[in-house]
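This is start-v3.pdb (PDB, C-alpha atoms, pLDDT in the B column).
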```pdb
ATOM      1  CA  MET A 289     117.845  23.429 103.898  1.00 37.00           C
ATOM      2  CA  SER A 290     115.021  20.896 103.853  1.00 40.00           C
ATOM      3  CA  SER A 291     114.327  19.009 100.629  1.00 40.00           C
ATOM      4  CA  ASP A 292     110.606  19.804 100.701  1.00 46.00           C
ATOM      5  CA  LYS A 293     111.083  23.547 100.827  1.00 50.00           C
ATOM      6  CA  SER A 294     108.803  24.137  97.864  1.00 55.00           C
ATOM      7  CA  ALA A 295     106.102  21.805  99.176  1.00 65.00           C
ATOM      8  CA  GLY A 296     103.115  23.740 100.410  1.00 75.00           C
ATOM      9  CA  VAL A 297     101.271  23.530 103.681  1.00 81.00           C
ATOM     10  CA  PRO A 298      98.101  21.431 103.042  1.00 86.00           C
ATOM     11  CA  ALA A 299      95.129  23.731 102.378  1.00 91.00           C
ATOM     12  CA  ARG A 300      92.594  23.436 105.199  1.00 95.00           C
ATOM     13  CA  PHE A 301      89.582  25.294 103.804  1.00 97.00           C
ATOM     14  CA  ASN A 302      87.112  25.026 100.934  1.00 96.00           C
ATOM     15  CA  VAL A 303      84.776  27.500  99.256  1.00 97.00           C
ATOM     16  CA  GLY A 304      81.828  28.180 101.576  1.00 97.00           C
ATOM     17  CA  ASP A 305      83.714  27.379 104.804  1.00 97.00           C
ATOM     18  CA  ARG A 306      83.302  29.809 107.676  1.00 98.00           C
ATOM     19  CA  VAL A 307      86.653  31.107 108.927  1.00 98.00           C
ATOM     20  CA  ARG A 308      87.832  33.572 111.530  1.00 97.00           C
ATOM     21  CA  VAL A 309      90.949  35.684 111.054  1.00 97.00           C
ATOM     22  CA  ARG A 310      93.440  35.050 113.826  1.00 97.00           C
ATOM     23  CA  GLU A 311      94.276  37.725 116.352  1.00 93.00           C
ATOM     24  CA  LEU A 312      98.047  37.999 115.986  1.00 94.00           C
ATOM     25  CA  PRO A 313     100.016  41.089 117.010  1.00 91.00           C
ATOM     26  CA  ASN A 314     101.481  43.596 114.570  1.00 91.00           C
ATOM     27  CA  LEU A 315     105.259  43.167 114.523  1.00 94.00           C
ATOM     28  CA  PHE A 316     107.221  44.901 111.765  1.00 95.00           C
ATOM     29  CA  TYR A 317     105.139  43.822 108.778  1.00 96.00           C
ATOM     30  CA  THR A 318     101.960  42.150 107.600  1.00 96.00           C
ATOM     31  CA  ARG A 319      99.270  42.499 104.944  1.00 96.00           C
ATOM     32  CA  THR A 320      96.494  41.330 107.267  1.00 96.00           C
ATOM     33  CA  GLN A 321      94.439  44.394 108.013  1.00 94.00           C
ATOM     34  CA  MET A 322      93.643  45.033 111.672  1.00 92.00           C
ATOM     35  CA  TYR A 323      89.952  45.457 110.931  1.00 92.00           C
ATOM     36  CA  VAL A 324      89.498  41.841 109.779  1.00 94.00           C
ATOM     37  CA  ARG A 325      91.164  40.227 112.792  1.00 93.00           C
ATOM     38  CA  SER A 326      88.865  38.089 114.951  1.00 93.00           C
ATOM     39  CA  VAL A 327      86.061  38.698 112.441  1.00 95.00           C
ATOM     40  CA  THR A 328      84.312  35.717 110.837  1.00 97.00           C
ATOM     41  CA  GLY A 329      83.868  35.488 107.069  1.00 98.00           C
ATOM     42  CA  THR A 330      83.303  32.961 104.299  1.00 98.00           C
ATOM     43  CA  ILE A 331      85.811  31.473 101.868  1.00 98.00           C
ATOM     44  CA  ALA A 332      84.781  32.871  98.461  1.00 98.00           C
ATOM     45  CA  ALA A 333      87.607  31.317  96.416  1.00 97.00           C
ATOM     46  CA  ARG A 334      90.884  29.503  96.618  1.00 97.00           C
ATOM     47  CA  THR A 335      93.477  31.443  94.677  1.00 96.00           C
ATOM     48  CA  TYR A 336      97.114  30.222  94.651  1.00 95.00           C
ATOM     49  CA  GLU A 337      99.904  28.906  96.853  1.00 95.00           C
ATOM     50  CA  ASP A 338     102.691  31.284  97.784  1.00 95.00           C
ATOM     51  CA  LEU A 339     104.952  32.440 100.586  1.00 95.00           C
ATOM     52  CA  THR A 340     103.157  34.392 103.288  1.00 96.00           C
ATOM     53  CA  PRO A 341     103.765  38.155 103.131  1.00 96.00           C
ATOM     54  CA  GLU A 342     105.658  37.903 106.435  1.00 96.00           C
ATOM     55  CA  ASP A 343     108.134  35.405 104.908  1.00 96.00           C
ATOM     56  CA  GLU A 344     108.375  36.988 101.472  1.00 95.00           C
ATOM     57  CA  ALA A 345     109.101  40.394 102.993  1.00 95.00           C
ATOM     58  CA  TRP A 346     112.375  38.993 104.341  1.00 93.00           C
ATOM     59  CA  ASN A 347     113.130  37.011 101.171  1.00 91.00           C
ATOM     60  CA  ARG A 348     112.585  33.710 103.003  1.00 93.00           C
ATOM     61  CA  ASP A 349     112.398  31.656  99.834  1.00 90.00           C
ATOM     62  CA  ASP A 350     113.099  28.578 101.983  1.00 94.00           C
ATOM     63  CA  ALA A 351     109.770  28.976 103.816  1.00 94.00           C
ATOM     64  CA  ARG A 352     106.742  26.811 103.039  1.00 92.00           C
ATOM     65  CA  ARG A 353     104.110  27.967 100.600  1.00 95.00           C
ATOM     66  CA  GLU A 354     100.587  28.426 101.910  1.00 96.00           C
ATOM     67  CA  GLN A 355      97.224  28.368 100.183  1.00 97.00           C
ATOM     68  CA  TYR A 356      95.709  31.830  99.715  1.00 97.00           C
ATOM     69  CA  TYR A 357      91.948  32.401  99.885  1.00 98.00           C
ATOM     70  CA  ILE A 358      89.602  35.238  99.071  1.00 98.00           C
ATOM     71  CA  VAL A 359      87.548  35.704 102.213  1.00 98.00           C
ATOM     72  CA  ARG A 360      84.231  37.541 102.118  1.00 98.00           C
ATOM     73  CA  PHE A 361      83.034  39.546 105.123  1.00 98.00           C
ATOM     74  CA  ARG A 362      79.778  41.360 105.778  1.00 97.00           C
ATOM     75  CA  GLN A 363      80.558  45.074 105.925  1.00 95.00           C
ATOM     76  CA  LYS A 364      78.347  45.308 109.001  1.00 95.00           C
ATOM     77  CA  ASP A 365      80.548  42.752 110.784  1.00 95.00           C
ATOM     78  CA  LEU A 366      83.597  44.933 110.082  1.00 93.00           C
ATOM     79  CA  TRP A 367      82.048  48.358 110.681  1.00 92.00           C
ATOM     80  CA  PRO A 368      78.973  48.177 112.956  1.00 89.00           C
ATOM     81  CA  GLU A 369      77.851  51.657 111.824  1.00 90.00           C
ATOM     82  CA  TYR A 370      77.895  50.614 108.140  1.00 91.00           C
ATOM     83  CA  PRO A 371      74.434  51.389 106.691  1.00 94.00           C
ATOM     84  CA  PHE A 372      73.849  48.673 104.040  1.00 96.00           C
ATOM     85  CA  ALA A 373      73.190  45.166 105.348  1.00 94.00           C
ATOM     86  CA  ALA A 374      73.791  43.363 102.035  1.00 96.00           C
ATOM     87  CA  ASP A 375      77.223  44.838 101.267  1.00 98.00           C
ATOM     88  CA  THR A 376      80.326  42.699 101.564  1.00 98.00           C
ATOM     89  CA  LEU A 377      84.087  43.218 101.479  1.00 97.00           C
ATOM     90  CA  GLN A 378      86.563  40.692 100.124  1.00 98.00           C
ATOM     91  CA  THR A 379      90.241  40.418 100.938  1.00 97.00           C
ATOM     92  CA  GLU A 380      92.909  37.815 100.371  1.00 97.00           C
ATOM     93  CA  LEU A 381      94.532  35.935 103.235  1.00 98.00           C
ATOM     94  CA  PRO A 382      96.938  33.000 103.553  1.00 97.00           C
ATOM     95  CA  ASP A 383      95.966  29.770 105.354  1.00 97.00           C
ATOM     96  CA  GLY A 384      97.984  30.465 108.494  1.00 96.00           C
ATOM     97  CA  TRP A 385      96.051  33.627 109.326  1.00 97.00           C
ATOM     98  CA  LEU A 386      92.737  31.709 109.407  1.00 98.00           C
ATOM     99  CA  GLU A 387      91.051  29.370 111.856  1.00 97.00           C
ATOM    100  CA  PRO A 388      87.823  27.387 111.462  1.00 97.00           C
ATOM    101  CA  ALA A 389      84.671  29.133 112.700  1.00 96.00           C
ATOM    102  CA  ASN A 390      81.500  27.277 113.559  1.00 81.00           C
ATOM    103  CA  ASN A 391      78.960  30.062 113.300  1.00 65.00           C
TER     104      ASN A 391
ATOM    105  CA  MET B  62     124.749  74.329 101.601  1.00 69.00           C
ATOM    106  CA  PRO B  63     121.575  75.691 103.213  1.00 77.00           C
ATOM    107  CA  THR B  64     121.478  79.271 104.420  1.00 82.00           C
ATOM    108  CA  ARG B  65     120.823  79.763 108.166  1.00 82.00           C
ATOM    109  CA  ASP B  66     117.274  80.777 107.232  1.00 83.00           C
ATOM    110  CA  GLU B  67     116.721  77.603 105.252  1.00 80.00           C
ATOM    111  CA  LEU B  68     118.237  75.525 108.044  1.00 78.00           C
ATOM    112  CA  SER B  69     115.829  77.015 110.543  1.00 82.00           C
ATOM    113  CA  LYS B  70     112.888  76.224 108.202  1.00 80.00           C
ATOM    114  CA  TYR B  71     114.032  72.593 107.827  1.00 80.00           C
ATOM    115  CA  TYR B  72     114.229  72.179 111.595  1.00 77.00           C
ATOM    116  CA  SER B  73     110.893  73.798 112.315  1.00 80.00           C
ATOM    117  CA  THR B  74     109.137  71.800 109.588  1.00 80.00           C
ATOM    118  CA  SER B  75     110.800  68.620 110.812  1.00 79.00           C
ATOM    119  CA  ALA B  76     109.592  69.306 114.357  1.00 75.00           C
ATOM    120  CA  GLN B  77     106.006  69.279 113.051  1.00 75.00           C
ATOM    121  CA  PHE B  78     106.480  65.644 111.990  1.00 73.00           C
ATOM    122  CA  SER B  79     106.578  64.517 115.616  1.00 69.00           C
ATOM    123  CA  PRO B  80     103.588  62.284 116.317  1.00 66.00           C
ATOM    124  CA  VAL B  81     100.343  64.232 116.436  1.00 67.00           C
ATOM    125  CA  HIS B  82      99.422  62.091 119.434  1.00 66.00           C
ATOM    126  CA  HIS B  83     102.268  63.092 121.678  1.00 64.00           C
ATOM    127  CA  GLN B  84     102.904  63.619 125.369  1.00 62.00           C
ATOM    128  CA  GLN B  85     104.825  66.543 126.740  1.00 64.00           C
ATOM    129  CA  ASN B  86     107.771  64.191 126.778  1.00 64.00           C
ATOM    130  CA  ASP B  87     108.938  63.199 123.331  1.00 69.00           C
ATOM    131  CA  TRP B  88     110.743  60.215 124.856  1.00 74.00           C
ATOM    132  CA  PRO B  89     108.297  58.743 127.366  1.00 77.00           C
ATOM    133  CA  TYR B  90     109.535  56.144 129.844  1.00 83.00           C
ATOM    134  CA  GLU B  91     106.451  54.069 129.291  1.00 85.00           C
ATOM    135  CA  ILE B  92     103.394  54.040 127.037  1.00 82.00           C
ATOM    136  CA  ALA B  93      99.980  52.467 127.524  1.00 83.00           C
ATOM    137  CA  ASN B  94      99.243  49.141 125.815  1.00 85.00           C
ATOM    138  CA  GLY B  95      96.683  50.749 123.524  1.00 82.00           C
ATOM    139  CA  GLU B  96      99.203  53.345 122.393  1.00 80.00           C
ATOM    140  CA  PHE B  97     101.753  50.623 121.696  1.00 86.00           C
ATOM    141  CA  THR B  98      99.219  48.772 119.530  1.00 85.00           C
ATOM    142  CA  ALA B  99      98.464  51.978 117.621  1.00 84.00           C
ATOM    143  CA  TYR B 100     102.171  52.683 117.048  1.00 84.00           C
ATOM    144  CA  MET B 101     102.724  49.142 115.717  1.00 89.00           C
ATOM    145  CA  VAL B 102     100.104  49.387 112.940  1.00 89.00           C
ATOM    146  CA  PRO B 103     101.958  49.107 109.613  1.00 91.00           C
ATOM    147  CA  PRO B 104     101.468  52.447 107.820  1.00 91.00           C
ATOM    148  CA  HIS B 105      99.930  50.811 104.731  1.00 92.00           C
ATOM    149  CA  ASP B 106      97.007  49.439 106.792  1.00 91.00           C
ATOM    150  CA  VAL B 107      94.900  52.525 106.093  1.00 87.00           C
ATOM    151  CA  GLY B 108      91.470  50.907 105.696  1.00 84.00           C
ATOM    152  CA  GLY B 109      88.920  52.455 108.025  1.00 78.00           C
ATOM    153  CA  GLN B 110      90.923  55.594 108.726  1.00 79.00           C
ATOM    154  CA  ALA B 111      88.921  58.792 108.559  1.00 78.00           C
ATOM    155  CA  ASP B 112      89.785  60.959 105.565  1.00 80.00           C
ATOM    156  CA  SER B 113      88.304  63.768 103.526  1.00 85.00           C
ATOM    157  CA  PRO B 114      86.990  63.113  99.994  1.00 88.00           C
ATOM    158  CA  VAL B 115      89.722  63.044  97.343  1.00 85.00           C
ATOM    159  CA  ARG B 116      89.238  64.257  93.757  1.00 91.00           C
ATOM    160  CA  TYR B 117      89.839  61.490  91.226  1.00 91.00           C
ATOM    161  CA  GLU B 118      92.504  62.420  88.702  1.00 90.00           C
ATOM    162  CA  GLU B 119      93.784  60.699  85.573  1.00 92.00           C
ATOM    163  CA  LYS B 120      97.522  61.263  85.682  1.00 88.00           C
ATOM    164  CA  GLU B 121     100.255  59.764  83.542  1.00 93.00           C
ATOM    165  CA  GLU B 122     103.337  58.525  85.292  1.00 93.00           C
ATOM    166  CA  GLU B 123     106.311  60.853  85.178  1.00 96.00           C
ATOM    167  CA  LEU B 124     109.701  59.756  83.883  1.00 97.00           C
ATOM    168  CA  TRP B 125     111.265  59.538  87.363  1.00 97.00           C
ATOM    169  CA  GLU B 126     108.374  57.348  88.479  1.00 97.00           C
ATOM    170  CA  LEU B 127     108.819  54.960  85.554  1.00 98.00           C
ATOM    171  CA  ASN B 128     112.585  54.910  86.128  1.00 97.00           C
ATOM    172  CA  THR B 129     112.000  54.097  89.773  1.00 97.00           C
ATOM    173  CA  TYR B 130     109.648  51.252  88.874  1.00 97.00           C
ATOM    174  CA  VAL B 131     112.134  49.797  86.382  1.00 97.00           C
ATOM    175  CA  THR B 132     115.055  50.166  88.809  1.00 97.00           C
ATOM    176  CA  CYS B 133     113.181  48.259  91.513  1.00 96.00           C
ATOM    177  CA  GLU B 134     112.129  45.507  89.098  1.00 96.00           C
ATOM    178  CA  VAL B 135     115.651  45.110  87.685  1.00 97.00           C
ATOM    179  CA  LEU B 136     117.006  44.777  91.221  1.00 96.00           C
ATOM    180  CA  GLY B 137     114.467  41.966  91.563  1.00 94.00           C
ATOM    181  CA  TRP B 138     115.490  40.224  88.337  1.00 94.00           C
ATOM    182  CA  ARG B 139     119.107  40.370  89.477  1.00 94.00           C
ATOM    183  CA  GLY B 140     118.123  38.626  92.707  1.00 92.00           C
ATOM    184  CA  ILE B 141     119.054  41.557  94.934  1.00 93.00           C
ATOM    185  CA  TRP B 142     115.572  41.609  96.491  1.00 92.00           C
ATOM    186  CA  ASN B 143     112.000  40.886  95.537  1.00 88.00           C
ATOM    187  CA  SER B 144     110.301  44.032  94.352  1.00 84.00           C
ATOM    188  CA  GLU B 145     106.937  43.012  95.756  1.00 89.00           C
ATOM    189  CA  GLU B 146     106.803  42.141  99.433  1.00 93.00           C
ATOM    190  CA  ARG B 147     110.411  43.004 100.349  1.00 94.00           C
ATOM    191  CA  ARG B 148     110.083  46.364  98.627  1.00 94.00           C
ATOM    192  CA  ARG B 149     106.722  46.996 100.270  1.00 95.00           C
ATOM    193  CA  ARG B 150     108.167  46.202 103.691  1.00 96.00           C
ATOM    194  CA  GLY B 151     110.813  48.835 102.946  1.00 96.00           C
ATOM    195  CA  ASN B 152     108.036  51.324 102.169  1.00 96.00           C
ATOM    196  CA  ASN B 153     106.439  50.641 105.553  1.00 95.00           C
ATOM    197  CA  ASP B 154     109.799  50.958 107.294  1.00 95.00           C
ATOM    198  CA  LEU B 155     109.744  54.654 106.402  1.00 94.00           C
ATOM    199  CA  GLY B 156     107.488  55.090 109.429  1.00 91.00           C
ATOM    200  CA  ALA B 157     104.129  56.837 109.471  1.00 87.00           C
ATOM    201  CA  SER B 158     105.258  60.447 108.911  1.00 86.00           C
ATOM    202  CA  LEU B 159     107.420  59.730 105.872  1.00 90.00           C
ATOM    203  CA  TYR B 160     105.131  57.025 104.494  1.00 91.00           C
ATOM    204  CA  TYR B 161     102.124  59.361 104.384  1.00 88.00           C
ATOM    205  CA  GLY B 162     104.223  62.361 103.362  1.00 89.00           C
ATOM    206  CA  PHE B 163     106.171  60.911 100.425  1.00 93.00           C
ATOM    207  CA  PRO B 164     104.897  60.447  96.853  1.00 94.00           C
ATOM    208  CA  TYR B 165     104.085  56.820  96.024  1.00 95.00           C
ATOM    209  CA  TYR B 166     107.265  56.162  94.031  1.00 97.00           C
ATOM    210  CA  GLY B 167     109.284  58.259  96.480  1.00 97.00           C
ATOM    211  CA  ARG B 168     108.664  55.439  98.970  1.00 96.00           C
ATOM    212  CA  TRP B 169     109.910  52.918  96.397  1.00 97.00           C
ATOM    213  CA  ILE B 170     113.199  54.626  95.596  1.00 96.00           C
ATOM    214  CA  TRP B 171     113.889  55.366  99.267  1.00 96.00           C
ATOM    215  CA  SER B 172     113.418  51.641 100.010  1.00 96.00           C
ATOM    216  CA  ALA B 173     115.662  50.554  97.124  1.00 97.00           C
ATOM    217  CA  ALA B 174     118.477  52.855  98.233  1.00 97.00           C
ATOM    218  CA  ARG B 175     118.121  51.785 101.857  1.00 96.00           C
ATOM    219  CA  MET B 176     118.164  48.109 100.867  1.00 96.00           C
ATOM    220  CA  LEU B 177     121.337  48.541  98.774  1.00 97.00           C
ATOM    221  CA  VAL B 178     123.077  50.133 101.756  1.00 97.00           C
ATOM    222  CA  ASP B 179     121.681  47.550 104.225  1.00 96.00           C
ATOM    223  CA  LYS B 180     122.899  44.658 102.066  1.00 96.00           C
ATOM    224  CA  ASN B 181     126.339  46.240 101.557  1.00 97.00           C
ATOM    225  CA  HIS B 182     125.971  46.644  97.790  1.00 97.00           C
ATOM    226  CA  VAL B 183     126.950  50.300  98.193  1.00 97.00           C
ATOM    227  CA  THR B 184     128.298  52.136 101.192  1.00 98.00           C
ATOM    228  CA  LEU B 185     126.390  55.112 102.518  1.00 98.00           C
ATOM    229  CA  THR B 186     129.470  57.261 101.832  1.00 98.00           C
ATOM    230  CA  GLU B 187     129.445  56.194  98.172  1.00 98.00           C
ATOM    231  CA  LEU B 188     125.749  57.010  97.943  1.00 97.00           C
ATOM    232  CA  LEU B 189     126.228  60.451  99.535  1.00 97.00           C
ATOM    233  CA  GLU B 190     129.084  61.266  97.152  1.00 97.00           C
ATOM    234  CA  LYS B 191     127.027  60.109  94.161  1.00 96.00           C
ATOM    235  CA  VAL B 192     123.974  62.170  95.115  1.00 95.00           C
ATOM    236  CA  ALA B 193     126.225  65.224  95.633  1.00 96.00           C
ATOM    237  CA  GLU B 194     127.882  64.640  92.234  1.00 97.00           C
ATOM    238  CA  VAL B 195     124.539  64.362  90.411  1.00 95.00           C
ATOM    239  CA  LYS B 196     123.200  67.417  92.223  1.00 94.00           C
ATOM    240  CA  ALA B 197     126.257  69.463  91.197  1.00 96.00           C
ATOM    241  CA  ARG B 198     125.897  68.283  87.586  1.00 95.00           C
ATOM    242  CA  ASN B 199     122.225  69.322  87.517  1.00 93.00           C
ATOM    243  CA  GLU B 200     123.033  72.734  88.949  1.00 92.00           C
ATOM    244  CA  GLN B 201     125.510  73.381  86.130  1.00 91.00           C
ATOM    245  CA  ARG B 202     122.792  72.954  83.496  1.00 84.00           C
TER     246      ARG B 202
END
```
Could you write out this structure as structure tokens?
Amino acid sequence: MSSDKSAGVPARFNVGDRVRVRELPNLFYTRTQMYVRSVTGTIAARTYEDLTPEDEAWNRDDARREQYYIVRFRQKDLWPEYPFAADTLQTELPDGWLEPANN
Amino acid sequence: MPTRDELSKYYSTSAQFSPVHHQQNDWPYEIANGEFTAYMVPPHDVGGQADSPVRYEEKEEELWELNTYVTCEVLGWRGIWNSEERRRRGNNDLGASLYYGFPYYGRWIWSAARMLVDKNHVTLTELLEKVAEVKARNEQR
């Protein structure tokens, strides 16, 4: 077991950054909803560091902690038929599920 | 011991749990990529699914629900599992039909029992005998 097992992965994003949720396949378990994948949102808050759901679900306490963020999406970006342009949806995602977005 | 009538009801009800989206074959040799993706969605990822309006109800937890919660947490404190993500993965492992069909805490207790058998804390035979014993005790009351 590595000595830095409790050391977290360095957080890559700050409040206001534009991020896109990665398009990874569903295999066995995740908390990342399908409807947010490949959609771009904005970091609304940094919350805490913890295991990813995929690691915690198999009790991988030896895995590295990742920064979690609250990411805000426009409802219209998630559901094109959604009627109210100003409405948003927030969900919480770990660092590894996100990639930088330029738009 | 079920009567033959009851047995026939169990089987016919169980047959209705087969996927709503099914081919004539219940064991196809291949499925389309889109179907595979749909099958792989974890059952708890329900956002965006069509549903009818549900009446909001204030309901207190029942004793068996509280006991289930405490059992799962105690198993966590004893280091047998973590009652958050590991337990939730167990809920999803029920598969779509059982996940959507079971009460909320029914999923929890099913997952706890399955985990105890999987991790060799109890054998399935011991669990079967115990459930039969408790059932017999309840029937005597």
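In plain terms, chain A touches chain B through Pro313, Asn314, Leu315, Phe316, Tyr317, Thr318, Arg319, Thr320, Gln321, Met322, Tyr323, Leu339, Thr340, Pro341, Glu342, Asp343, Glu344, Ala345, Trp346, Asn347, Arg348, Leu366 and Trp367 of chain A, where touching means an atom at most 10 Å away, counting all atoms listed in the file.
Computed from the coordinates, the atom CA of Pro164 of chain B to atom CA of Tyr130 of chain B distance equals 13.1 Å.
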**Study point:** Ground truth for the PyMOL selection byres ((chain A and resi 365) around 12), written as a VMD selection string
**Key:** chain A and resid 308 323 to 329 360 to 364 366 to 377
**Study point:** Residue IDs satisfying the PyMOL selection byres ((chain A and resi 301-305) around 12), as an MDAnalysis selection string
**Key:** chainID A and resid 297:300 306:308 328:335 354:361 381:391
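You will find atom CA of Leu188 of chain B at 15.6 Å from atom CA of Thr132 of chain B.
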Point to revise | Result set of the PyMOL selection byres ((chain B and resi 169-177) around 7) on the coordinates above, as JSON, numbers by chain | key: {"B": [129, 133, 148, 151, 152, 166, 167, 168, 178, 179, 180, 181, 182, 183]}
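Picture a line from atom CA of Val131 of chain B to atom CA of Phe163 of chain B; it runs 18.9 Å.
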Can you tell me, as JSON, the centre and edge lengths (Å, one decimal) of the axis-aligned box enclosing all of segment 307-314 of chain A's listed atoms after padding each side by 6 Å?
```
{"center_x": 94.1, "center_y": 37.4, "center_z": 113.0, "size_x": 26.8, "size_y": 24.5, "size_z": 20.1}
```
Could you pull segment 117-151 of chain B out of the block above and give me C-alpha atoms, as a PDB file, in the first residue's frame?
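Output below, filename out-v2.pdb:
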```pdb
ATOM      1  CA  TYR B 117     -46.906  13.812  -1.600  1.00  0.00           C
ATOM      2  CA  GLU B 118     -47.393  12.016   1.697  1.00  0.00           C
ATOM      3  CA  GLU B 119     -46.016  12.629   5.179  1.00  0.00           C
ATOM      4  CA  LYS B 120     -45.278   9.161   6.495  1.00  0.00           C
ATOM      5  CA  GLU B 121     -43.426   8.105   9.618  1.00  0.00           C
ATOM      6  CA  GLU B 122     -40.911   5.338   9.283  1.00  0.00           C
ATOM      7  CA  GLU B 123     -42.097   1.927  10.397  1.00  0.00           C
ATOM      8  CA  LEU B 124     -40.227  -0.131  12.973  1.00  0.00           C
ATOM      9  CA  TRP B 125     -38.806  -2.568  10.395  1.00  0.00           C
ATOM     10  CA  GLU B 126     -37.517   0.380   8.383  1.00  0.00           C
ATOM     11  CA  LEU B 127     -35.760   1.896  11.394  1.00  0.00           C
ATOM     12  CA  ASN B 128     -34.353  -1.517  12.332  1.00  0.00           C
ATOM     13  CA  THR B 129     -33.060  -1.933   8.804  1.00  0.00           C
ATOM     14  CA  TYR B 130     -31.396   1.481   8.895  1.00  0.00           C
ATOM     15  CA  VAL B 131     -29.737   0.740  12.242  1.00  0.00           C
ATOM     16  CA  THR B 132     -28.621  -2.733  11.121  1.00  0.00           C
ATOM     17  CA  CYS B 133     -26.935  -1.304   8.027  1.00  0.00           C
ATOM     18  CA  GLU B 134     -25.235   1.468  10.010  1.00  0.00           C
ATOM     19  CA  VAL B 135     -23.991  -0.932  12.702  1.00  0.00           C
ATOM     20  CA  LEU B 136     -22.520  -3.164   9.998  1.00  0.00           C
ATOM     21  CA  GLY B 137     -20.699  -0.020   8.872  1.00  0.00           C
ATOM     22  CA  TRP B 138     -19.407   0.854  12.344  1.00  0.00           C
ATOM     23  CA  ARG B 139     -18.116  -2.698  12.692  1.00  0.00           C
ATOM     24  CA  GLY B 140     -16.180  -2.274   9.449  1.00  0.00           C
ATOM     25  CA  ILE B 141     -18.125  -4.947   7.580  1.00  0.00           C
ATOM     26  CA  TRP B 142     -19.008  -2.497   4.794  1.00  0.00           C
ATOM     27  CA  ASN B 143     -19.715   1.173   4.328  1.00  0.00           C
ATOM     28  CA  SER B 144     -23.417   1.832   4.562  1.00  0.00           C
ATOM     29  CA  GLU B 145     -23.304   4.642   2.028  1.00  0.00           C
ATOM     30  CA  GLU B 146     -21.803   3.849  -1.350  1.00  0.00           C
ATOM     31  CA  ARG B 147     -21.220   0.106  -0.845  1.00  0.00           C
ATOM     32  CA  ARG B 148     -24.774  -0.315   0.401  1.00  0.00           C
ATOM     33  CA  ARG B 149     -26.136   1.780  -2.455  1.00  0.00           C
ATOM     34  CA  ARG B 150     -24.234  -0.314  -4.989  1.00  0.00           C
ATOM     35  CA  GLY B 151     -25.938  -3.345  -3.440  1.00  0.00           C
TER      36      GLY B 151
END
```
